[in-house]
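A.B. asks: Sharing input_14.cif (mmCIF, C-alpha atoms) below.
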```cif
data_my_file
#
loop_
_atom_site.label_atom_id
_atom_site.label_comp_id
_atom_site.auth_asym_id
_atom_site.auth_seq_id
_atom_site.Cartn_x
_atom_site.Cartn_y
_atom_site.Cartn_z
CA MET U 1 18.61 -38.67 -63.68
CA ILE U 2 19.58 -35.90 -66.06
CA LYS U 3 19.89 -32.19 -65.37
CA SER U 4 16.35 -31.30 -66.48
CA GLU U 5 14.92 -33.97 -64.16
CA LEU U 6 17.00 -32.65 -61.29
CA VAL U 7 15.58 -29.18 -61.99
CA GLN U 8 12.02 -30.54 -62.10
CA ARG U 9 12.39 -32.36 -58.80
CA ILE U 10 13.80 -29.32 -57.01
CA ALA U 11 11.07 -27.14 -58.55
CA ALA U 12 8.37 -29.59 -57.42
CA ALA U 13 9.67 -29.37 -53.85
CA ASN U 14 9.75 -25.55 -54.02
CA PRO U 15 6.44 -24.47 -55.59
CA HIS U 16 7.13 -20.79 -54.84
CA LEU U 17 10.06 -20.77 -57.31
CA TYR U 18 9.87 -20.53 -61.07
CA GLN U 19 11.42 -23.46 -62.92
CA ARG U 20 13.79 -21.05 -64.68
CA ASP U 21 15.07 -19.87 -61.28
CA VAL U 22 15.77 -23.47 -60.26
CA GLU U 23 17.55 -23.96 -63.58
CA LEU U 24 19.65 -20.89 -62.81
CA ILE U 25 20.44 -22.26 -59.33
CA VAL U 26 21.62 -25.64 -60.66
CA ASN U 27 23.67 -23.98 -63.43
CA THR U 28 25.19 -21.49 -60.98
CA ILE U 29 26.37 -24.35 -58.75
CA LEU U 30 27.90 -26.26 -61.67
CA ASP U 31 29.50 -23.07 -63.10
CA GLU U 32 31.00 -22.24 -59.72
CA ILE U 33 32.58 -25.71 -59.51
CA THR U 34 33.80 -25.49 -63.12
CA GLY U 35 35.23 -22.00 -62.53
CA ALA U 36 37.14 -23.19 -59.46
CA LEU U 37 38.66 -26.10 -61.38
CA GLU U 38 39.60 -23.76 -64.24
CA ARG U 39 41.64 -21.74 -61.73
CA GLY U 40 43.21 -24.96 -60.44
CA ASP U 41 41.32 -24.63 -57.15
CA ARG U 42 39.81 -27.48 -55.17
CA VAL U 43 36.10 -27.79 -54.37
CA GLU U 44 35.26 -29.55 -51.14
CA LEU U 45 31.65 -30.45 -50.37
CA ARG U 46 31.63 -32.25 -47.03
CA GLY U 47 29.59 -35.42 -47.03
CA PHE U 48 29.38 -35.42 -50.82
CA GLY U 49 32.91 -35.33 -52.14
CA ALA U 50 35.75 -33.17 -53.41
CA PHE U 51 36.71 -32.05 -56.90
CA SER U 52 40.32 -31.28 -57.75
CA VAL U 53 42.59 -31.00 -60.77
CA LYS U 54 45.35 -33.52 -61.34
CA ASN U 55 48.37 -32.55 -63.36
CA ARG U 56 49.57 -35.11 -65.88
CA PRO U 57 53.06 -34.00 -66.98
CA ALA U 58 54.17 -34.09 -70.61
CA ARG U 59 55.65 -37.45 -71.57
CA ILE U 60 56.93 -39.42 -74.50
CA GLY U 61 54.26 -41.92 -75.47
CA ARG U 62 54.43 -44.62 -78.09
CA ASN U 63 52.16 -45.56 -80.91
CA PRO U 64 51.38 -49.13 -79.84
CA ARG U 65 50.97 -50.29 -83.43
CA THR U 66 54.18 -48.91 -84.92
CA GLY U 67 56.27 -48.34 -81.81
CA ASP U 68 56.95 -44.73 -82.90
CA LYS U 69 57.69 -42.20 -80.18
CA VAL U 70 55.01 -39.50 -79.83
CA LYS U 71 55.15 -36.38 -77.70
CA VAL U 72 52.18 -36.17 -75.33
CA ASP U 73 51.56 -32.67 -73.96
CA GLU U 74 50.97 -31.84 -70.32
CA LYS U 75 47.33 -32.35 -69.29
CA HIS U 76 45.11 -31.22 -66.44
CA ALA U 77 42.42 -33.70 -65.54
CA PRO U 78 39.45 -33.07 -63.23
CA PHE U 79 39.22 -35.61 -60.44
CA PHE U 80 36.46 -36.43 -57.94
CA LYS U 81 36.98 -38.16 -54.62
CA THR U 82 33.83 -39.49 -52.98
CA GLY U 83 33.13 -38.12 -49.50
CA LYS U 84 33.02 -40.37 -46.46
CA GLU U 85 29.30 -40.01 -45.82
CA MET U 86 28.46 -40.61 -49.49
CA ARG U 87 30.62 -43.74 -49.53
CA GLU U 88 28.84 -45.07 -46.46
CA ARG U 89 25.42 -44.32 -47.92
CA LEU U 90 26.27 -46.23 -51.10
CA ASN U 91 27.06 -49.26 -48.99
CA GLY U 92 24.00 -49.12 -46.81
CA GLY U 93 25.91 -48.04 -43.73
CA SER U 94 24.28 -44.74 -42.78
CA LEU U 95 25.74 -44.18 -39.34
CA MET H 1 47.53 -23.36 -58.86
CA GLY H 2 45.30 -24.92 -56.23
CA GLU H 3 45.78 -22.15 -53.71
CA ARG H 4 42.16 -21.97 -52.59
CA THR H 5 39.42 -24.38 -51.57
CA VAL H 6 35.87 -23.62 -52.67
CA THR H 7 33.22 -24.82 -50.24
CA ARG H 8 29.45 -24.85 -49.77
CA ALA H 9 29.65 -21.28 -48.51
CA ASP H 10 31.01 -20.14 -51.90
CA LEU H 11 28.29 -22.00 -53.79
CA CYS H 12 25.63 -20.42 -51.54
CA GLU H 13 27.12 -16.96 -52.08
CA ALA H 14 27.12 -17.46 -55.87
CA VAL H 15 23.47 -18.57 -55.82
CA TYR H 16 22.60 -15.61 -53.56
CA GLN H 17 24.27 -13.16 -55.97
CA LYS H 18 22.70 -14.64 -59.11
CA VAL H 19 19.16 -15.55 -58.11
CA GLY H 20 18.05 -12.88 -55.67
CA LEU H 21 16.81 -15.14 -52.89
CA SER H 22 17.75 -14.68 -49.24
CA ARG H 23 21.07 -16.11 -48.02
CA THR H 24 19.22 -18.70 -45.92
CA GLU H 25 17.09 -19.82 -48.83
CA SER H 26 20.09 -19.92 -51.18
CA ALA H 27 21.91 -22.16 -48.71
CA GLY H 28 18.85 -24.41 -48.42
CA LEU H 29 18.64 -24.80 -52.19
CA VAL H 30 22.33 -25.66 -52.57
CA GLU H 31 21.71 -28.34 -49.93
CA SER H 32 18.60 -29.61 -51.78
CA VAL H 33 20.52 -29.95 -55.04
CA LEU H 34 23.28 -31.98 -53.37
CA ALA H 35 20.70 -34.07 -51.47
CA GLU H 36 18.73 -34.85 -54.63
CA ILE H 37 21.90 -35.98 -56.43
CA SER H 38 23.00 -38.06 -53.40
CA ASP H 39 19.58 -39.75 -53.07
CA CYS H 40 19.68 -40.77 -56.72
CA LEU H 41 23.17 -42.21 -56.38
CA GLU H 42 22.20 -44.07 -53.22
CA ARG H 43 19.48 -45.81 -55.27
CA GLY H 44 22.21 -46.79 -57.73
CA GLU H 45 21.00 -44.42 -60.46
CA THR H 46 23.40 -42.59 -62.76
CA VAL H 47 23.28 -38.78 -62.60
CA LYS H 48 24.12 -37.02 -65.88
CA LEU H 49 24.71 -33.29 -65.82
CA SER H 50 25.23 -32.13 -69.40
CA SER H 51 28.41 -30.14 -70.14
CA PHE H 52 29.62 -30.95 -66.61
CA GLY H 53 29.88 -34.72 -66.23
CA SER H 54 28.16 -37.81 -64.91
CA PHE H 55 28.24 -39.65 -61.61
CA VAL H 56 28.07 -43.42 -61.99
CA VAL H 57 27.71 -46.03 -59.25
CA ARG H 58 29.82 -49.12 -59.92
CA ASP H 59 29.63 -52.51 -58.24
CA LYS H 60 32.98 -53.92 -57.19
CA GLY H 61 33.34 -57.63 -56.60
CA GLN H 62 35.10 -59.20 -53.66
CA ARG H 63 38.87 -59.47 -53.99
CA ILE H 64 41.88 -60.35 -51.91
CA GLY H 65 43.83 -57.32 -50.80
CA ARG H 66 47.07 -57.17 -48.90
CA ASN H 67 48.13 -55.12 -45.93
CA PRO H 68 51.08 -53.32 -47.50
CA LYS H 69 52.89 -53.07 -44.19
CA THR H 70 52.66 -56.68 -43.05
CA GLY H 71 52.03 -58.43 -46.38
CA GLU H 72 49.07 -60.15 -44.76
CA GLU H 73 46.16 -61.14 -47.04
CA VAL H 74 42.87 -59.44 -46.21
CA PRO H 75 39.58 -60.07 -48.00
CA ILE H 76 37.99 -56.90 -49.42
CA ALA H 77 34.20 -57.22 -49.35
CA PRO H 78 32.08 -56.47 -52.43
CA ARG H 79 31.11 -52.82 -52.41
CA ARG H 80 29.64 -49.97 -54.42
CA VAL H 81 31.84 -47.07 -55.48
CA LEU H 82 31.04 -43.72 -57.04
CA VAL H 83 32.89 -42.62 -60.17
CA PHE H 84 32.78 -39.14 -61.71
CA LYS H 85 33.22 -39.01 -65.48
CA PRO H 86 33.98 -35.43 -66.51
CA SER H 87 32.38 -34.31 -69.77
CA ALA H 88 34.53 -33.34 -72.74
CA VAL H 89 33.41 -29.72 -72.23
CA LEU H 90 34.69 -29.69 -68.63
CA LYS H 91 37.98 -31.37 -69.55
CA ASN H 92 38.59 -28.91 -72.39
CA ARG H 93 37.75 -25.86 -70.29
CA ILE H 94 40.19 -26.93 -67.57
CA ASN H 95 42.95 -27.76 -70.04
CA GLU H 96 42.54 -24.54 -71.96
CA SER H 97 42.67 -22.29 -68.95
CA LEU H 98 45.47 -24.12 -67.12
CA SER H 99 47.75 -24.84 -70.07
CA HIS H 100 48.00 -21.22 -71.18
CA ASN H 101 49.43 -19.80 -67.98
#
```
Could you rewrite the structure in this file as structure tokens?

C.D. replies:
Amino acid sequence: MIKSELVQRIAAANPHLYQRDVELIVNTILDEITGALERGDRVELRGFGAFSVKNRPARIGRNPRTGDKVKVDEKHAPFFKTGKEMRERLNGGSL
Amino acid sequence: MGERTVTRADLCEAVYQKVGLSRTESAGLVESVLAEISDCLERGETVKLSSFGSFVVRDKGQRIGRNPKTGEEVPIAPRRVLVFKPSAVLKNRINESLSHN
């Protein structure tokens, strides 16, 4: 499923809304999550999962071909941890 | 960094502010969006949200694990796991804003 299909499905279930409103809703949710991660905040959606930012400190890497030392800058990587309920649903164990 | 946790309530508030629906309806729609994504994943489908990232369901085979405390071997059953692959746009936005302060 891609974003436009998600929008269509939500719109089909809510005939009183314009498709462009549903689009705005989906984008607002994703922007809110992105904005939180940009501030270094965590996003916790019970039953679904949690988004957070992991800090990868600067390090000296090596070019595997030549063995040369290369400086690798500090990085911030988004990370998602699956929620408990979601994990159970994936494995057929809806309790 | 990481001083606050954003929850459903914040997503509902953002939708309420932006779309002009009631608070109750905004909350219902946030729930519908999460439910639609979850249903898809439960069926094993990949969910791709452009400029955000994709959620992929992966099948993991059975393997032998070990209880780290006792060293005892324990079989780990085959299972499905969910992986989030952030898009390049999301990764760049996070790096740009967090590396400059």

A.B. asks: Name the residues that the PyMOL selection byres ((chain H and resi 33) around 9) picks from the file above, as a PyMOL selection string, using the file's chain letters and numbers.

C.D. replies: (chain U and resi 6-7+10+25-26+29) or (chain H and resi 28-32+34-38)

A.B. asks: Next, dump the selected residues to file, keeping only C-alpha atoms, as a PDB file, in the coordinates of the input.

C.D. replies:
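Produced file out.pdb, reproduced below:
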```pdb
ATOM      1  CA  LEU U   6      17.000 -32.650 -61.290  1.00  0.00           C
ATOM      2  CA  VAL U   7      15.580 -29.180 -61.990  1.00  0.00           C
ATOM      3  CA  ILE U  10      13.800 -29.320 -57.010  1.00  0.00           C
ATOM      4  CA  ILE U  25      20.440 -22.260 -59.330  1.00  0.00           C
ATOM      5  CA  VAL U  26      21.620 -25.640 -60.660  1.00  0.00           C
ATOM      6  CA  ILE U  29      26.370 -24.350 -58.750  1.00  0.00           C
TER       7      ILE U  29
ATOM      8  CA  GLY H  28      18.850 -24.410 -48.420  1.00  0.00           C
ATOM      9  CA  LEU H  29      18.640 -24.800 -52.190  1.00  0.00           C
ATOM     10  CA  VAL H  30      22.330 -25.660 -52.570  1.00  0.00           C
ATOM     11  CA  GLU H  31      21.710 -28.340 -49.930  1.00  0.00           C
ATOM     12  CA  SER H  32      18.600 -29.610 -51.780  1.00  0.00           C
ATOM     13  CA  LEU H  34      23.280 -31.980 -53.370  1.00  0.00           C
ATOM     14  CA  ALA H  35      20.700 -34.070 -51.470  1.00  0.00           C
ATOM     15  CA  GLU H  36      18.730 -34.850 -54.630  1.00  0.00           C
ATOM     16  CA  ILE H  37      21.900 -35.980 -56.430  1.00  0.00           C
ATOM     17  CA  SER H  38      23.000 -38.060 -53.400  1.00  0.00           C
TER      18      SER H  38
END
```

A.B. asks: Taking all atoms listed in the file into account, which of H:Pro78, H:Thr46, H:Ser99, H:Val57 comes nearest U:Thr82?

C.D. replies: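 The closest residue to U:Thr82 is H:Val57.
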
A.B. asks: With all atoms listed in the file counted, which protein, DNA or RNA residues have an atom no more than 8 Å from (22.9, -20.7, -54.9) in the file frame? Please answer as a list in words.

C.D. replies: Ile25, Val26, Thr28 and Ile29 of chain U; Leu11, Cys12, Glu13, Ala14, Val15, Tyr16, Gln17, Lys18, Val19, Ser26, Ala27, Leu29 and Val30 of chain H

A.B. asks: Report, in Å with one decimal, the straight-line distance from atom CA of H:Glu45 to atom CA of U:Arg42.

C.D. replies: 25.9 Å

A.B. asks: Up to 6 Å from chain U, what residues of chain H turn up? Count all atoms listed in the file and give them as a list in words.

C.D. replies: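 Result: Met1, Gly2, Arg4, Thr5, Val6, Thr7, Leu11, Val15, Glu42, Val47, Lys48, Leu49, Phe84, Ile94, Asn95 and Ser97 of chain H.
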
A.B. asks: H:Leu98, H:Ser50, H:Asp59, H:Glu73: which is nearest H:Lys85, counting all atoms listed in the file?

C.D. replies: H:Ser50

A.B. asks: List every protein, DNA or RNA residue that has at least one atom no more than 10 Å from (58.3, -42.6, -72.1) in the file's coordinates, counting only C-alpha atoms, and write the result as a list of chain:residue names.

C.D. replies: U:Ala58, U:Arg59, U:Ile60, U:Gly61, U:Arg62, U:Lys69, U:Val70, U:Lys71, U:Val72

A.B. asks: For C-alpha atoms, I'd like the residues from the last selection saved as a tab-separated table (two decimals), keeping the file's coordinate frame.

C.D. replies:
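Result file is out26.tsv:
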```
chain	number	residue	atom	x	y	z
U	58	ALA	CA	54.17	-34.09	-70.61
U	59	ARG	CA	55.65	-37.45	-71.57
U	60	ILE	CA	56.93	-39.42	-74.50
U	61	GLY	CA	54.26	-41.92	-75.47
U	62	ARG	CA	54.43	-44.62	-78.09
U	69	LYS	CA	57.69	-42.20	-80.18
U	70	VAL	CA	55.01	-39.50	-79.83
U	71	LYS	CA	55.15	-36.38	-77.70
U	72	VAL	CA	52.18	-36.17	-75.33
```

A.B. asks: Find the axis-aligned box for stretch 12-17 of chain H, covering all its listed atoms and adding 8 Å on each side, and write its centre and edge lengths in Å to one decimal as AutoDock Vina command-line options.

C.D. replies:
```
--center_x 24.9 --center_y -16.8 --center_z -53.8 --size_x 20.5 --size_y 23.3 --size_z 20.4
```

A.B. asks: Separation of atom CA of U:Ala11 and atom CA of H:Leu41, in Å?

C.D. replies: 19.4 Å

A.B. asks: Kindly give the distance, in Å, that separates atom CA of H:Leu90 and atom CA of H:Ser54, rounded to a single decimal.

C.D. replies: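 About the pair atom CA of H:Leu90 and atom CA of H:Ser54: they are 11.1 Å apart.
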
A.B. asks: Apply the PyMOL selection byres ((chain H and resi 61) around 9) to the structure shown and report the selected residues as a VMD selection string.

C.D. replies: chain H and resid 59 to 60 62 to 63 76 to 80

A.B. asks: With all atoms listed in the file as the atoms that count, which of U:Lys54, U:Arg65, U:Gln8, U:Lys84 lies nearest to U:Glu23?

C.D. replies: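 Between U:Lys54, U:Arg65, U:Gln8, U:Lys84, the residue approaching U:Glu23 most closely is U:Gln8.
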